[in-house]
Structures are given as structure tokens and as C-alpha cells.
$ cat query.pdb   # PDB, C-alpha atoms
ATOM      1  CA  MET T 439       0.000   0.000   0.000  1.00  0.00           C
ATOM      2  CA  ARG T 440       1.100   3.537  -0.817  1.00  0.00           C
ATOM      3  CA  PHE T 441      -0.747   6.772  -0.113  1.00  0.00           C
ATOM      4  CA  LYS T 442      -1.845   8.893  -3.067  1.00  0.00           C
ATOM      5  CA  ASP T 443      -0.634  12.073  -1.351  1.00  0.00           C
ATOM      6  CA  ARG T 444      -0.464  13.723   2.072  1.00  0.00           C
ATOM      7  CA  ARG T 445      -4.109  14.783   2.046  1.00  0.00           C
ATOM      8  CA  PHE T 446      -5.283  11.226   1.388  1.00  0.00           C
ATOM      9  CA  ALA T 447      -2.874   9.941   4.040  1.00  0.00           C
ATOM     10  CA  GLY T 448      -4.467  12.354   6.509  1.00  0.00           C
ATOM     11  CA  GLN T 449      -7.924  11.037   5.689  1.00  0.00           C
ATOM     12  CA  VAL T 450      -6.784   7.453   6.288  1.00  0.00           C
ATOM     13  CA  LEU T 451      -5.039   8.448   9.510  1.00  0.00           C
ATOM     14  CA  ALA T 452      -8.139  10.267  10.756  1.00  0.00           C
ATOM     15  CA  LYS T 453     -10.127   7.029  10.638  1.00  0.00           C
ATOM     16  CA  GLU T 454      -7.645   5.516  13.103  1.00  0.00           C
ATOM     17  CA  LEU T 455      -8.240   8.471  15.434  1.00  0.00           C
ATOM     18  CA  ALA T 456     -12.037   8.432  15.323  1.00  0.00           C
ATOM     19  CA  ALA T 457     -12.269   8.042  19.109  1.00  0.00           C
ATOM     20  CA  TYR T 458     -11.060  11.663  19.458  1.00  0.00           C
ATOM     21  CA  THR T 459     -13.878  13.144  17.339  1.00  0.00           C
ATOM     22  CA  ASN T 460     -15.815  16.120  18.777  1.00  0.00           C
ATOM     23  CA  ARG T 461     -13.812  16.190  21.993  1.00  0.00           C
ATOM     24  CA  PRO T 462     -13.370  19.772  23.275  1.00  0.00           C
ATOM     25  CA  ASP T 463     -10.000  19.006  24.871  1.00  0.00           C
ATOM     26  CA  VAL T 464      -8.349  17.807  21.638  1.00  0.00           C
ATOM     27  CA  LEU T 465      -5.830  19.915  19.716  1.00  0.00           C
ATOM     28  CA  VAL T 466      -4.087  18.734  16.548  1.00  0.00           C
ATOM     29  CA  LEU T 467      -0.536  19.988  16.027  1.00  0.00           C
ATOM     30  CA  GLY T 468       1.062  19.479  12.630  1.00  0.00           C
ATOM     31  CA  LEU T 469       4.832  19.413  12.224  1.00  0.00           C
ATOM     32  CA  PRO T 470       5.716  21.771   9.368  1.00  0.00           C
ATOM     33  CA  ARG T 471       6.025  21.599   6.654  1.00  0.00           C
ATOM     34  CA  GLY T 472       5.011  18.167   5.369  1.00  0.00           C
ATOM     35  CA  GLY T 473       2.960  17.221   8.413  1.00  0.00           C
ATOM     36  CA  VAL T 474       0.514  20.104   8.038  1.00  0.00           C
ATOM     37  CA  PRO T 475      -1.473  18.783   5.018  1.00  0.00           C
ATOM     38  CA  VAL T 476      -1.848  15.487   6.901  1.00  0.00           C
ATOM     39  CA  ALA T 477      -2.822  17.248  10.123  1.00  0.00           C
ATOM     40  CA  PHE T 478      -5.347  19.445   8.301  1.00  0.00           C
ATOM     41  CA  GLU T 479      -7.325  16.396   7.212  1.00  0.00           C
ATOM     42  CA  VAL T 480      -7.099  14.883  10.691  1.00  0.00           C
ATOM     43  CA  ALA T 481      -8.305  18.066  12.387  1.00  0.00           C
ATOM     44  CA  LYS T 482     -11.166  18.459   9.889  1.00  0.00           C
ATOM     45  CA  ALA T 483     -12.351  14.884  10.397  1.00  0.00           C
ATOM     46  CA  LEU T 484     -12.116  15.102  14.196  1.00  0.00           C
ATOM     47  CA  ASN T 485     -13.750  18.546  14.332  1.00  0.00           C
ATOM     48  CA  ALA T 486     -10.713  19.752  16.281  1.00  0.00           C
ATOM     49  CA  PRO T 487      -8.619  22.935  16.094  1.00  0.00           C
ATOM     50  CA  LEU T 488      -5.365  22.854  14.136  1.00  0.00           C
ATOM     51  CA  ASP T 489      -2.081  24.546  14.940  1.00  0.00           C
ATOM     52  CA  VAL T 490       1.593  23.926  14.258  1.00  0.00           C
ATOM     53  CA  LEU T 491       4.595  23.036  16.365  1.00  0.00           C
ATOM     54  CA  VAL T 492       7.755  24.082  14.568  1.00  0.00           C
ATOM     55  CA  VAL T 493      10.633  21.616  14.736  1.00  0.00           C
ATOM     56  CA  ARG T 494      13.945  21.448  12.882  1.00  0.00           C
ATOM     57  CA  LYS T 495      16.270  18.535  12.369  1.00  0.00           C
ATOM     58  CA  LEU T 496      19.950  18.985  13.199  1.00  0.00           C
ATOM     59  CA  GLY T 497      21.548  17.239  10.255  1.00  0.00           C
ATOM     60  CA  LEU T 498      25.167  16.168  10.033  1.00  0.00           C
ATOM     61  CA  PRO T 499      27.205  18.841   8.182  1.00  0.00           C
ATOM     62  CA  ASP T 500      28.166  16.488   5.346  1.00  0.00           C
ATOM     63  CA  GLN T 501      25.055  14.287   5.537  1.00  0.00           C
ATOM     64  CA  GLU T 502      22.112  16.554   6.264  1.00  0.00           C
ATOM     65  CA  GLU T 503      19.469  13.838   5.962  1.00  0.00           C
ATOM     66  CA  LEU T 504      20.975  12.007   8.940  1.00  0.00           C
ATOM     67  CA  ALA T 505      19.756  13.595  12.175  1.00  0.00           C
ATOM     68  CA  MET T 506      22.200  14.093  14.998  1.00  0.00           C
ATOM     69  CA  GLY T 507      19.434  15.818  16.937  1.00  0.00           C
ATOM     70  CA  ALA T 508      16.550  18.277  16.654  1.00  0.00           C
ATOM     71  CA  ILE T 509      15.205  21.530  18.049  1.00  0.00           C
ATOM     72  CA  ALA T 510      11.626  22.620  18.667  1.00  0.00           C
ATOM     73  CA  SER T 511       9.620  25.672  19.701  1.00  0.00           C
ATOM     74  CA  GLY T 512      10.154  26.668  23.318  1.00  0.00           C
ATOM     75  CA  GLY T 513      13.942  26.317  23.316  1.00  0.00           C
ATOM     76  CA  VAL T 514      13.939  22.511  23.177  1.00  0.00           C
ATOM     77  CA  GLN T 515      17.042  20.737  21.854  1.00  0.00           C
ATOM     78  CA  ILE T 516      17.742  17.012  21.836  1.00  0.00           C
ATOM     79  CA  VAL T 517      20.740  15.110  20.486  1.00  0.00           C
ATOM     80  CA  ASN T 518      21.289  11.583  19.251  1.00  0.00           C
ATOM     81  CA  LYS T 519      24.190  10.457  21.415  1.00  0.00           C
ATOM     82  CA  TYR T 520      24.715   7.310  19.361  1.00  0.00           C
ATOM     83  CA  ILE T 521      25.115   9.210  16.067  1.00  0.00           C
ATOM     84  CA  ILE T 522      27.317  11.841  17.682  1.00  0.00           C
ATOM     85  CA  SER T 523      29.664   9.265  19.193  1.00  0.00           C
ATOM     86  CA  LEU T 524      29.682   7.214  15.997  1.00  0.00           C
ATOM     87  CA  VAL T 525      30.825  10.051  13.745  1.00  0.00           C
ATOM     88  CA  LYS T 526      32.671  11.944  16.513  1.00  0.00           C
ATOM     89  CA  ILE T 527      30.898  15.280  16.137  1.00  0.00           C
ATOM     90  CA  SER T 528      32.184  18.035  18.421  1.00  0.00           C
ATOM     91  CA  ASP T 529      30.025  20.238  20.640  1.00  0.00           C
ATOM     92  CA  GLU T 530      31.126  23.225  18.551  1.00  0.00           C
ATOM     93  CA  VAL T 531      29.754  21.701  15.348  1.00  0.00           C
ATOM     94  CA  ILE T 532      26.461  20.815  17.036  1.00  0.00           C
ATOM     95  CA  ALA T 533      26.151  24.368  18.368  1.00  0.00           C
ATOM     96  CA  ARG T 534      26.868  25.875  14.953  1.00  0.00           C
ATOM     97  CA  VAL T 535      24.223  23.750  13.229  1.00  0.00           C
ATOM     98  CA  ALA T 536      21.739  24.484  16.019  1.00  0.00           C
ATOM     99  CA  VAL T 537      22.203  28.247  15.577  1.00  0.00           C
ATOM    100  CA  GLN T 538      21.547  27.964  11.842  1.00  0.00           C
ATOM    101  CA  GLU T 539      18.434  25.838  12.324  1.00  0.00           C
ATOM    102  CA  LYS T 540      17.150  28.112  15.093  1.00  0.00           C
ATOM    103  CA  ARG T 541      17.093  31.018  12.636  1.00  0.00           C
ATOM    104  CA  GLU T 542      14.903  28.996  10.273  1.00  0.00           C
ATOM    105  CA  LEU T 543      12.704  27.795  13.144  1.00  0.00           C
ATOM    106  CA  GLU T 544      12.103  31.377  14.281  1.00  0.00           C
ATOM    107  CA  ARG T 545      11.386  32.494  10.704  1.00  0.00           C
ATOM    108  CA  ARG T 546       8.743  29.811  10.339  1.00  0.00           C
ATOM    109  CA  GLU T 547       7.198  30.616  13.716  1.00  0.00           C
ATOM    110  CA  ARG T 548       6.793  34.263  12.703  1.00  0.00           C
ATOM    111  CA  LEU T 549       5.324  33.263   9.349  1.00  0.00           C
ATOM    112  CA  TYR T 550       2.959  30.517  10.494  1.00  0.00           C
ATOM    113  CA  ARG T 551       1.765  32.135  13.698  1.00  0.00           C
ATOM    114  CA  PRO T 552       2.022  35.930  13.237  1.00  0.00           C
ATOM    115  CA  ASN T 553      -0.572  36.702  15.907  1.00  0.00           C
ATOM    116  CA  GLY T 554       1.079  35.029  18.867  1.00  0.00           C
ATOM    117  CA  SER T 555       2.496  31.947  20.498  1.00  0.00           C
ATOM    118  CA  LEU T 556       1.283  28.370  20.722  1.00  0.00           C
ATOM    119  CA  PRO T 557      -2.068  27.904  22.532  1.00  0.00           C
ATOM    120  CA  ASN T 558      -2.028  26.776  26.146  1.00  0.00           C
ATOM    121  CA  LEU T 559      -1.668  22.990  26.141  1.00  0.00           C
ATOM    122  CA  GLN T 560      -2.183  22.381  29.844  1.00  0.00           C
ATOM    123  CA  GLY T 561      -4.963  19.903  30.457  1.00  0.00           C
ATOM    124  CA  ARG T 562      -5.461  19.154  26.770  1.00  0.00           C
ATOM    125  CA  THR T 563      -5.113  16.048  24.625  1.00  0.00           C
ATOM    126  CA  VAL T 564      -2.513  16.899  21.994  1.00  0.00           C
ATOM    127  CA  ILE T 565      -2.268  14.905  18.761  1.00  0.00           C
ATOM    128  CA  LEU T 566       1.111  15.394  17.069  1.00  0.00           C
ATOM    129  CA  VAL T 567       0.940  14.701  13.347  1.00  0.00           C
ATOM    130  CA  ASP T 568       3.668  14.348  10.714  1.00  0.00           C
ATOM    131  CA  ASP T 569       3.722  12.809   7.238  1.00  0.00           C
ATOM    132  CA  GLY T 570       5.989  10.009   8.448  1.00  0.00           C
ATOM    133  CA  LEU T 571       8.760   9.006  10.833  1.00  0.00           C
ATOM    134  CA  ALA T 572      12.245   7.970   9.808  1.00  0.00           C
ATOM    135  CA  THR T 573      14.661   8.510  12.721  1.00  0.00           C
ATOM    136  CA  GLY T 574      11.989  10.170  14.862  1.00  0.00           C
ATOM    137  CA  ALA T 575      14.341  12.954  16.015  1.00  0.00           C
ATOM    138  CA  THR T 576      12.026  15.849  15.202  1.00  0.00           C
ATOM    139  CA  MET T 577       9.019  14.085  16.710  1.00  0.00           C
ATOM    140  CA  SER T 578      10.961  13.397  19.908  1.00  0.00           C
ATOM    141  CA  ALA T 579      11.791  17.102  20.159  1.00  0.00           C
ATOM    142  CA  ALA T 580       8.137  17.936  19.583  1.00  0.00           C
ATOM    143  CA  VAL T 581       7.100  15.593  22.392  1.00  0.00           C
ATOM    144  CA  VAL T 582       9.546  17.241  24.799  1.00  0.00           C
ATOM    145  CA  ALA T 583       8.245  20.697  23.858  1.00  0.00           C
ATOM    146  CA  VAL T 584       4.612  19.680  24.350  1.00  0.00           C
ATOM    147  CA  ARG T 585       5.234  17.840  27.617  1.00  0.00           C
ATOM    148  CA  LYS T 586       6.671  21.019  29.149  1.00  0.00           C
ATOM    149  CA  GLN T 587       3.140  22.476  29.016  1.00  0.00           C
ATOM    150  CA  GLN T 588       1.604  19.573  30.984  1.00  0.00           C
ATOM    151  CA  PRO T 589      -1.062  18.206  28.638  1.00  0.00           C
ATOM    152  CA  VAL T 590      -3.344  15.424  29.858  1.00  0.00           C
ATOM    153  CA  GLN T 591      -2.370  13.145  26.975  1.00  0.00           C
ATOM    154  CA  ILE T 592       0.097  13.163  24.083  1.00  0.00           C
ATOM    155  CA  VAL T 593      -0.714  11.157  20.966  1.00  0.00           C
ATOM    156  CA  ILE T 594       1.642  10.684  18.018  1.00  0.00           C
ATOM    157  CA  ALA T 595      -0.141   9.995  14.737  1.00  0.00           C
ATOM    158  CA  VAL T 596       1.563   9.342  11.380  1.00  0.00           C
ATOM    159  CA  PRO T 597       0.621   7.538   8.161  1.00  0.00           C
ATOM    160  CA  VAL T 598       3.924   5.647   7.924  1.00  0.00           C
ATOM    161  CA  ALA T 599       6.954   5.000  10.111  1.00  0.00           C
ATOM    162  CA  ALA T 600      10.053   2.864  10.359  1.00  0.00           C
ATOM    163  CA  PRO T 601       9.034  -0.027  12.664  1.00  0.00           C
ATOM    164  CA  GLU T 602      11.888   0.535  15.111  1.00  0.00           C
ATOM    165  CA  THR T 603      11.111   4.258  15.349  1.00  0.00           C
ATOM    166  CA  CYS T 604       7.434   3.612  16.028  1.00  0.00           C
ATOM    167  CA  HIS T 605       8.409   1.127  18.731  1.00  0.00           C
ATOM    168  CA  GLU T 606      10.925   3.495  20.361  1.00  0.00           C
ATOM    169  CA  LEU T 607       8.464   6.385  20.496  1.00  0.00           C
ATOM    170  CA  GLU T 608       5.816   4.237  22.197  1.00  0.00           C
ATOM    171  CA  THR T 609       7.622   4.766  25.493  1.00  0.00           C
ATOM    172  CA  GLU T 610       7.626   8.571  25.103  1.00  0.00           C
ATOM    173  CA  VAL T 611       3.873   9.191  24.734  1.00  0.00           C
ATOM    174  CA  ASP T 612       0.484   7.946  25.888  1.00  0.00           C
ATOM    175  CA  LYS T 613      -0.509   6.562  22.494  1.00  0.00           C
ATOM    176  CA  ILE T 614       1.039   6.206  19.054  1.00  0.00           C
ATOM    177  CA  VAL T 615      -0.759   5.495  15.788  1.00  0.00           C
ATOM    178  CA  CYS T 616       1.349   4.404  12.813  1.00  0.00           C
ATOM    179  CA  VAL T 617      -0.888   3.257   9.950  1.00  0.00           C
ATOM    180  CA  LEU T 618       1.961   1.579   8.062  1.00  0.00           C
ATOM    181  CA  THR T 619       5.182   0.177   9.539  1.00  0.00           C
ATOM    182  CA  PRO T 620       6.815  -1.496   6.517  1.00  0.00           C
ATOM    183  CA  SER T 621       9.760  -3.771   7.228  1.00  0.00           C
ATOM    184  CA  HIS T 622      11.635  -2.339   4.222  1.00  0.00           C
ATOM    185  CA  PHE T 623      10.946   1.275   5.149  1.00  0.00           C
ATOM    186  CA  GLN T 624      13.898   3.109   3.481  1.00  0.00           C
ATOM    187  CA  SER T 625      12.280   6.580   3.459  1.00  0.00           C
ATOM    188  CA  VAL T 626       8.977   8.365   4.096  1.00  0.00           C
ATOM    189  CA  GLY T 627       8.600   9.511   0.485  1.00  0.00           C
ATOM    190  CA  LEU T 628       8.757   5.955  -0.815  1.00  0.00           C
ATOM    191  CA  TRP T 629       5.285   5.318   0.621  1.00  0.00           C
ATOM    192  CA  TYR T 630       3.601   8.159  -1.249  1.00  0.00           C
ATOM    193  CA  GLU T 631       2.736   8.258  -4.944  1.00  0.00           C
ATOM    194  CA  ASN T 632       2.996  12.053  -4.902  1.00  0.00           C
ATOM    195  CA  PHE T 633       5.395  13.567  -2.378  1.00  0.00           C
ATOM    196  CA  PRO T 634       6.313  17.126  -3.413  1.00  0.00           C
ATOM    197  CA  GLN T 635       7.889  19.502  -0.935  1.00  0.00           C
ATOM    198  CA  THR T 636       5.247  21.400   1.020  1.00  0.00           C
ATOM    199  CA  THR T 637       5.698  25.165   0.712  1.00  0.00           C
ATOM    200  CA  ASP T 638       5.321  27.924   3.297  1.00  0.00           C
ATOM    201  CA  GLU T 639       2.370  29.242   1.274  1.00  0.00           C
ATOM    202  CA  GLU T 640       0.578  25.886   1.516  1.00  0.00           C
ATOM    203  CA  VAL T 641       1.105  25.743   5.279  1.00  0.00           C
ATOM    204  CA  CYS T 642      -0.230  29.263   5.790  1.00  0.00           C
ATOM    205  CA  ASP T 643      -3.202  28.574   3.511  1.00  0.00           C
ATOM    206  CA  LEU T 644      -4.174  25.391   5.367  1.00  0.00           C
ATOM    207  CA  LEU T 645      -3.853  27.068   8.765  1.00  0.00           C
ATOM    208  CA  ALA T 646      -6.085  29.915   7.586  1.00  0.00           C
ATOM    209  CA  LYS T 647      -8.685  27.478   6.226  1.00  0.00           C
ATOM    210  CA  ALA T 648      -8.661  25.519   9.493  1.00  0.00           C
ATOM    211  CA  ALA T 649      -9.130  28.709  11.512  1.00  0.00           C
ATOM    212  CA  ASN T 650     -12.027  29.830   9.322  1.00  0.00           C
ATOM    213  CA  ASN T 651     -13.693  26.421   9.599  1.00  0.00           C
ATOM    214  CA  GLY T 652     -13.365  26.554  13.373  1.00  0.00           C
ATOM    215  CA  GLU T 653     -14.995  29.977  13.536  1.00  0.00           C
ATOM    216  CA  ALA T 654     -17.840  28.825  11.294  1.00  0.00           C
ATOM    217  CA  ILE T 655     -18.498  25.756  13.416  1.00  0.00           C
ATOM    218  CA  SER T 656     -18.521  27.770  16.653  1.00  0.00           C
ATOM    219  CA  LEU T 657     -21.105  30.097  15.103  1.00  0.00           C
ATOM    220  CA  GLY T 658     -23.241  27.174  13.933  1.00  0.00           C
ATOM    221  CA  ILE T 659     -22.753  28.022  10.258  1.00  0.00           C
ATOM    222  CA  LEU T 660     -21.453  24.614   9.179  1.00  0.00           C
TER     223      LEU T 660
END
$ encode --input "query.pdb" --output "C-alpha cells"
Amino acid sequence: MRFKDRRFAGQVLAKELAAYTNRPDVLVLGLPRGGVPVAFEVAKALNAPLDVLVVRKLGLPDQEELAMGAIASGGVQIVNKYIISLVKISDEVIARVAVQEKRELERRERLYRPNGSLPNLQGRTVILVDDGLATGATMSAAVVAVRKQQPVQIVIAVPVAAPETCHELETEVDKIVCVLTPSHFQSVGLWYENFPQTTDEEVCDLLAKAANNGEAISLGIL
């Protein structure tokens, strides 16, 4: 099985999360950029508000796709000690990459949420959504950032994940939903027929649509 695109993957994922439909405590957080089209469909199906939690992978200088750690909104930074020890990366290199990625993280925060900071998560059920999990570094950083705000429950929800990553993250949250965990995972994009890069414009457009839908529902228009 492969997903047609991120929107379809979100619709499939939403069916696995049906138990969270119409619950006033639920908030869906998409991980930009690719996780937002998936999260939009989830939030729409669950009749839940949508927001974003900005995370950035800390890639190795000569192998950017390999994560040596990640940062997230709220000053969160995690590192992969195994990768760092394996390739013998110095603290100076990690700090330099983190500074670069922090600039991009802050740019995206200003762009995606121009009117303020992340909503209060205390006492809420937070569903973290991405388009897939490879190493899980950015999702782990997202979990740390969310947990700092003391939610009642943290749920990770993705259409596809490497089996070992899905298993490792089970211990970090209250519930994890991985629709597909193929044994020959290789990469997230392999499990989509169409997997173009999501743009800033698409993220902003989907967030605006979600906000407008929420206002219409609260007014009884929809």
C-alpha cells in the first residue's frame, strides 16, 4: 500500500483516530512543513482545532538527511548520542548547526503564527501529526516541547513510520498510531505516490482554512 498524497494519508489516519472526534479538549498539532497537510485532514475529520509546532532537524554537516538531533519551539534541543559518538561530532559543530536551524525555526514561527504563540496545552489532549517518521528525532523534540506544558495526553499519529522508530516512540507518549510500519521502510517519500515539498504558502493557507472552519463551526454556520 502507498498513499496517493499527504491529504489522502491524513484522511486514512483520521479514521484511526475516530475516538477523538468532537472532543473539546483535543488539539491537533502538525509538524511543518510536510505534516501540516496530513494534520489538516485529521483536524477536519475530528472537528478539532489545528495549529503547528515548529521543529527542525539537526543534520550532520556532510550528511544533512541524517539527524544528529533536533530543536523545537520553546527552546527545546535534543541530540542523538549514538550518532554523535559514531561520527565523533564536536560540541562546537552541534552548536553551529543548532544556531543555523534556530534562525529557520524562528522564521517559520513568525510566518505561520504571526498573531502570537502556541495555545495553552495544559490539560489538553494533543495529537502530534507528521507525514511520516524515519529517525523520529524531530518528533521526539516535539514531544519534549509539548510535555513542558503539561497536557493530559500526548498522541503521536503518522501515516507511515520505520518499525523501530514507532516502537521506540511508544515509550515517550500515551498513544502512538502508525498506519503503516513497513519492514523495508527506506524513506517516508517511498510510501507516497505524490510527495512534493510542502511550501510555506501551503502551510499558511491550510492554517487559515482551518481557523475559518473553526470559527464557522462555533457560530453554527457549518
$ closest_residue --input "query.pdb" --among "T:Val641, T:Cys604, T:Leu556, T:Ala483" --to "Glu454 of chain T" --atoms "only C-alpha atoms"
T:Ala483
$ resolve_selection --input "query.pdb" --expression "the PyMOL selection byres ((chain T and resi 470) around 10)" --output "ChimeraX atom specification"
/T:467-469,471-475,477,489-494,543,546-547,550,567-569,636-638,641
$ closest_residue --input "query.pdb" --among "T:Val615, T:Ala505, T:Ile532, T:Ile565" --to "Leu484 of chain T" --atoms "all atoms listed in the file"
T:Ile565
$ closest_residue --input "query.pdb" --among "T:Val537, T:Ala572, T:Ala599, T:Ala510" --to "Cys616 of chain T" --atoms "only C-alpha atoms"
T:Ala599
$ resolve_selection --input "query.pdb" --expression "the PyMOL selection byres ((chain T and resi 593) around 9)" --output "list in words"
Thr563, Val564, Ile565, Leu566, Val567, Gln591, Ile592, Ile594, Ala595, Val611, Asp612, Lys613, Ile614 and Val615 of chain T
$ resolve_selection --input "query.pdb" --expression "the PyMOL selection byres ((chain T and resi 464) around 10)" --output "list in words"
Tyr458, Thr459, Asn460, Arg461, Pro462, Asp463, Leu465, Val466, Leu467, Ala481, Leu484, Asn485, Ala486, Pro487, Leu488, Leu559, Gly561, Arg562, Thr563, Val564, Ile565, Val590, Gln591 and Ile592 of chain T
$ build_atoms --input "query.pdb" --residues "segment 489-499 of chain T" --atoms "all heavy atoms" --output "short mmCIF file (atom, residue, chain, number, x, y, z; two decimals), in the frame of the given file"
data_model
loop_
_atom_site.label_atom_id
_atom_site.label_comp_id
_atom_site.auth_asym_id
_atom_site.auth_seq_id
_atom_site.Cartn_x
_atom_site.Cartn_y
_atom_site.Cartn_z
N ASP T 489 -3.18 23.58 14.80
CA ASP T 489 -2.08 24.55 14.94
C ASP T 489 -0.80 23.83 14.52
O ASP T 489 -0.85 22.67 14.09
CB ASP T 489 -1.97 25.08 16.38
CG ASP T 489 -1.44 26.51 16.42
OD1 ASP T 489 -0.40 26.77 15.79
OD2 ASP T 489 -2.05 27.36 17.09
N VAL T 490 0.32 24.53 14.63
CA VAL T 490 1.59 23.93 14.26
C VAL T 490 2.57 23.98 15.42
O VAL T 490 2.51 24.87 16.27
CB VAL T 490 2.24 24.62 13.03
CG1 VAL T 490 1.41 24.41 11.79
CG2 VAL T 490 2.45 26.11 13.29
N LEU T 491 3.47 23.02 15.44
CA LEU T 491 4.60 23.04 16.36
C LEU T 491 5.84 22.94 15.50
O LEU T 491 6.08 21.92 14.84
CB LEU T 491 4.54 21.86 17.34
CG LEU T 491 5.71 21.78 18.34
CD1 LEU T 491 5.69 23.02 19.26
CD2 LEU T 491 5.63 20.52 19.18
N VAL T 492 6.62 24.02 15.47
CA VAL T 492 7.76 24.08 14.57
C VAL T 492 8.94 23.31 15.15
O VAL T 492 9.33 23.53 16.30
CB VAL T 492 8.17 25.53 14.28
CG1 VAL T 492 9.29 25.57 13.24
CG2 VAL T 492 6.97 26.33 13.77
N VAL T 493 9.46 22.41 14.36
CA VAL T 493 10.63 21.62 14.74
C VAL T 493 11.63 21.66 13.59
O VAL T 493 11.26 21.84 12.44
CB VAL T 493 10.26 20.15 15.05
CG1 VAL T 493 9.43 20.05 16.32
CG2 VAL T 493 9.50 19.53 13.88
N ARG T 494 12.91 21.48 13.91
CA ARG T 494 13.94 21.45 12.88
C ARG T 494 14.95 20.35 13.22
O ARG T 494 15.42 20.24 14.35
CB ARG T 494 14.69 22.78 12.81
CG ARG T 494 13.85 23.94 12.33
CD ARG T 494 13.48 23.82 10.88
NE ARG T 494 14.64 23.87 10.01
CZ ARG T 494 14.62 23.59 8.72
NH1 ARG T 494 13.49 23.20 8.15
NH2 ARG T 494 15.71 23.67 7.98
N LYS T 495 15.27 19.57 12.21
CA LYS T 495 16.27 18.54 12.37
C LYS T 495 17.65 19.16 12.39
O LYS T 495 17.93 20.12 11.68
CB LYS T 495 16.16 17.55 11.20
CG LYS T 495 17.20 16.45 11.18
CD LYS T 495 16.90 15.44 10.10
CE LYS T 495 16.83 16.09 8.74
NZ LYS T 495 16.51 15.12 7.67
N LEU T 496 18.54 18.60 13.22
CA LEU T 496 19.95 18.98 13.20
C LEU T 496 20.69 17.92 12.40
O LEU T 496 21.01 16.85 12.89
CB LEU T 496 20.52 19.07 14.63
CG LEU T 496 19.82 20.04 15.59
CD1 LEU T 496 20.50 20.01 16.95
CD2 LEU T 496 19.80 21.46 15.02
N GLY T 497 20.90 18.21 11.13
CA GLY T 497 21.55 17.24 10.26
C GLY T 497 23.06 17.30 10.34
O GLY T 497 23.64 18.35 10.65
N LEU T 498 23.71 16.18 10.08
CA LEU T 498 25.17 16.17 10.03
C LEU T 498 25.64 17.11 8.93
O LEU T 498 25.03 17.18 7.86
CB LEU T 498 25.68 14.76 9.75
CG LEU T 498 25.49 13.73 10.88
CD1 LEU T 498 25.92 12.35 10.39
CD2 LEU T 498 26.30 14.12 12.11
N PRO T 499 26.73 17.86 9.16
CA PRO T 499 27.20 18.84 8.18
C PRO T 499 27.42 18.28 6.78
O PRO T 499 27.14 18.94 5.79
CB PRO T 499 28.52 19.32 8.79
CG PRO T 499 28.34 19.15 10.26
CD PRO T 499 27.53 17.88 10.40
#
